[in-house]
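Below is one structure, written out as structure tokens, with a few remarks after it.
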Amino acid sequence: MNLLGLSAGLACTLMIYLWVNDELSVDKFHEKDNQLYQVMTRAVSSEGTSVGTENPPVLAELLKSEIPEVQNAVSEGLIPIEYPFLVDGNVHKAFGAYVDAEYFEVFSYPVLAGNSKHFLNDKSGVVVSENFAERLFGTDAKVLGNTVSIDGKGEYQVSGVFAIPDNSSRTFDFLIPMATAFDHYPNLKNDWSSRWVNTFILVQEGTDAQTIDEKIAGMVQKHAGMDHESLFVRKFSDGYLYGKYENGKQAGGRIGYVKLFALIAAFILVIACINFMNLSTAKASQRLKEIHVKKAIGAERGTLIGQYISESIFMAFMALVVAAIMVRLLLPQFNALTGKELSLTFDPAIAGGFLLITLLTGLLAGSYPAFYLSGLAPQRSLKLKGNSIHEAWIRKGLIIFQFVMSVILSVAVLVVYRQIEWIQHKQLGYDKENILYFPAEGEVAGHLDTFIEKVEDIPGVKSASSMFMTFLGNINGTNDVSWPGMGADERVDMEYRRVNYGLIELMGIPLLGGRSYDRTRPDSASIIFNEAAVKAMGLEDPVGQKVRLWGEEREIIGVVKDFHFQSFHEKVKPLFLFLNPERTNYVAIKLRPGNHSEVIASIQEFYKAFNPGFSLDYRFLDQEYQEQYVAEQRVAVLSKYFAVLAIIISCLGLFGLAVFSGERRKKEIGVRKVLGASSGTIVRLMTGEFVQLIVMAIAIAIPLAWWVSRQWLDGFAYRTSLDWWIFVLAGLLVMSIAILTVGTQAFRAASVNPVNSLRDE
């Protein structure tokens with residue numbers, strides 16, 4: 001029992017350590033990690049201060065020319081949709097980015113083929129990842145120099161192959177020179193209002209971030225006249241863990257979950273070690289006569305110390321071996337839960353850390369019998385019964401600590417699950433059910449209106465429309481909106497969506513006033529805002545009023561109710577929907593309730609005939625909505641397992657101590673039974689002392705659990721409530737399991753024949 005408890009705790013800690021170590025290593029593989037920074041934009045508006053990563057492409061060149069400390073600067077424009085690659089008549093879809101020619105001089109992605117200093121210089125060249133090269137040409141094929149057709153925009157030659165390490169936050173299949181984007185959209189190059197790239201800089205060695213911040217802060221005002229915006233830098237490898245900002249200040253991110261699970265690992269390891277020490281010292285107390293006999297026949301104290309310390313350390317190292325075997329067996333399932341590809345390989349840091357933990361656990365557990373009991377005089381050893389007040393209080397304190405941790409973890413599981421359940425059933429302001437979407441490619445992109453009209457004729461299809469990009473998340477933003485009564489220094493950052501006719505109706509977004517876009521009316525110069533935008537602009541009776549968007553006048557024809565186009569971590573932001581069918585690139589189809597498989601099969605058949613050579617790669621909107629909460633769902637599942645494990649380990653210790661208590665008090669139990677005590681009375685007597693400890697643990701744990709839960713829920717702009725019954729349920733759950741654990745052993749001890757209990761050994 002002792003071996004199993006410590007092994008389980010060490011195995012759990014080892015798996016969490018592997019996960020935490022992997023999270024902390026993300027993006028750290030770049031050779032010049034300490035010199036690599038990302039340029040961020042801080043914008044002040046009436047809604048507060050926001051922080052974004054998007055910049056205009058012109059910024060990179062200005063940074064190189066105006067800031068002496070900037071050694072190099074590059075732009076990276078992620079392509080938000082999959083591009084189809086045509087090779088030998090086969091279509092392969094992939095995600096990629098437009099990047100500057102010096103991209104690989106800033107980032108250290110391993111180059112497998114080609115010259116990284118030159119393979120982005122040619123505008124007709126494309127660089128592909130190792131995995132994508134295998135998909136395009138096979139594993140043994142010659143890759144460099146092969147010609148591919150990309151999205152019907154021209155022929156490209158493969159000029160290089162690179163690899164993406166597993167601990168990279170950026171994953172793309174191909175890279176195209178930024179100059180290619182400017183050939184297609186020349187107005188984007190020097191336009192400060194066009195924010196669509198990430199800007200990265202490599203600074204001179206020894207340059208700190210504050211120096212760069214001071215020099216670049218006013219560049220937007222200097223070159224674009226926007227005094228409400230300023231620039232600052234963030235270390236590139238910090239972006240993965242510290243990506244959250246609140247009102248312009250860094251407010252955590254994934255690092256919160258890293259700290260949370262590191263803390264859970266520490267708690268579980270402490271619980272397991274406490275169990276090990278508790279049971280070891282309890283068992284050692286029964287060895288007093290053994291110690292006396294050995295000392296009486298001449299054993300030295302040093303010999304006894306060596307014996308008990310070595311026994312304890314040996315047991316602890318056996319637990320470590322068992323833990324390593326458990327991790328080997330459980331790691332595939334753990335990887336499936338976390339979405340990672342962790343492996344248990346020899347690492348001096350990991351090995352050293354766990355050897356040290358195991359050694360300390362063994363030393364602490366063996367120290368009581370080794371140093372205290374071995375030092376007692378033989379006559380005192382024979383009188384001691386192994387239950388001093390000092391020893392008892394230490395053991396009780398350790399039990400209380402174990403169950404405090406168990407209750408906190410149990411509350412955490414209930415709170416996380418309740419928040420996720422609340423998110424799944426909260427009204428979003430639109431109907432996400434039965435909506436599938438897919439990119440408009442090939443013939444569909446060229447004849448979008450015809451495709452939408454015909455697909456609506458398929459039985460089971462309720463309606464169809466199109467939009468730019470997917471519906472959820474941060475897609476497009478601007479603050480170039482002016483309105484009647486706007487102050488000279490007043491600006492509002494707004495999200496926007498390019499939509500086609502019928503999309504508002506397809507999504508089921510309610511109108512609070514005015515009307516939607518109508519094919520029978522001249523709506524090309526119209527605009528529709530949400531409630532948050534109207535409130536931010538301070539407009540009363542907005543329908544019919546005129547605003548200016550990107551220098552052009554538009555009439556407000558409608559106001560939609562606020563809907564959650566971002567996760568519940570964010571408040572609903574100001575947003576406008578404007579009619580721009582020619583720039584929409586995703587088709588959305590609303591299905592009627594019923595048998596979707598037959599309808600989808602009909603859509604696929606029609607798509608194949610309408611768009612030969614392309615496959616219909618569709619997704620459901622509710623699926624995309626759920627993916628916003630992948631991190632929370634993983635936290636929920638992992639917390640559940642960790643809480644169960646903590647309770648099991650705690651109860652293993654409790655069970656062991658109950659066995660020890662029953663063994664120690666067997667003569668007392670025999671005497672009580674001879675004097676007429678019932679088995680029920682004996683059970684209540686034995687469980688009573690443990691129940692008191694659990695009650696104390698629950699009383700201590702509840703305020704701590706409330707604080708921890710409140711801290712986690714504060715990360716959501718919209719959240720469930722912390723009801724009292726959550727804490728009561730967690731306390732009753734832990735209490736019931738503990739009583740069942742102790743009560744089983746107590747009943748067993750109470751059922752022993754008193755004759756056997758009173759017989760002297």
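Residues in the structure tokens are numbered from 1 in each chain, the chains being A, B, ... in the order shown, and ligands are numbered from 1 in the order shown.
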DSSP helix (DSSP H, G or I) residues within stretch 498-680 of chain A, listed as number ranges by chain: A: 503-507, 531-537, 581-583, 596-610, 621-627, 630-664, 666-674, 679-680
Residue contacts of A:Ala113 (9 Å, only C-alpha atoms) excluding same-chain residues fewer than 6 positions away, as a PyMOL selection string: chain A and resi 143-144+159-162
Shell of 8 Å around A:Val51, only C-alpha atoms, local chain residues under 3 positions omitted, as a VMD selection string: chain A and resid 40 to 43 245 247 to 248
Same residues, N, CA and C atoms, output as a JSON list (two decimals), in the first residue's frame:
```json
[["chain", "number", "residue", "atom", "x", "y", "z"],
["A", 40, "MET", "N", 4.51, 44.99, -30.82],
["A", 40, "MET", "CA", 3.10, 45.02, -30.44],
["A", 40, "MET", "C", 2.56, 46.44, -30.56],
["A", 41, "THR", "N", 1.24, 46.55, -30.72],
["A", 41, "THR", "CA", 0.60, 47.86, -30.80],
["A", 41, "THR", "C", -0.36, 48.03, -29.63],
["A", 42, "ARG", "N", -0.22, 49.15, -28.94],
["A", 42, "ARG", "CA", -1.13, 49.50, -27.83],
["A", 42, "ARG", "C", -2.00, 50.66, -28.29],
["A", 43, "ALA", "N", -3.33, 50.46, -28.29],
["A", 43, "ALA", "CA", -4.25, 51.49, -28.78],
["A", 43, "ALA", "C", -5.21, 51.91, -27.67],
["A", 245, "TYR", "N", -3.65, 40.21, -22.45],
["A", 245, "TYR", "CA", -3.51, 41.59, -21.98],
["A", 245, "TYR", "C", -4.88, 42.12, -21.55],
["A", 247, "ASN", "N", -6.63, 45.80, -20.55],
["A", 247, "ASN", "CA", -6.49, 47.25, -20.50],
["A", 247, "ASN", "C", -5.05, 47.70, -20.74],
["A", 248, "GLY", "N", -4.41, 47.06, -21.71],
["A", 248, "GLY", "CA", -3.07, 47.45, -22.12],
["A", 248, "GLY", "C", -1.93, 46.87, -21.33]]
```
Enumerate the residues of stretch 546-590 of chain A with a DSSP assignment of strand (DSSP E), computed from the backbone, and present them as a PyMOL selection string. chain A and resi 546-549+552-560+575-579+586-590
Which residues come within 12 Å of A:Gly397, counting only C-alpha atoms, excluding same-chain residues fewer than 5 positions away, as a list in words? Ile274, Asn275, Asn278, His390, Glu391, Ala392, Gln402, Phe403, Val404, Phe690, Gln692, Leu693, Ile694, Met696 and Ala697 of chain A
Show which residues sit within 10 Å of A:Asp480, as a PyMOL selection string. Count only C-alpha atoms, and ignore same-chain residues fewer than 4 positions away. chain A and resi 193+491-494+548-551
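Taking atom CA of A:Gln38 as the reference point, atom CA of A:Ala224 is found at 20.2 Å.
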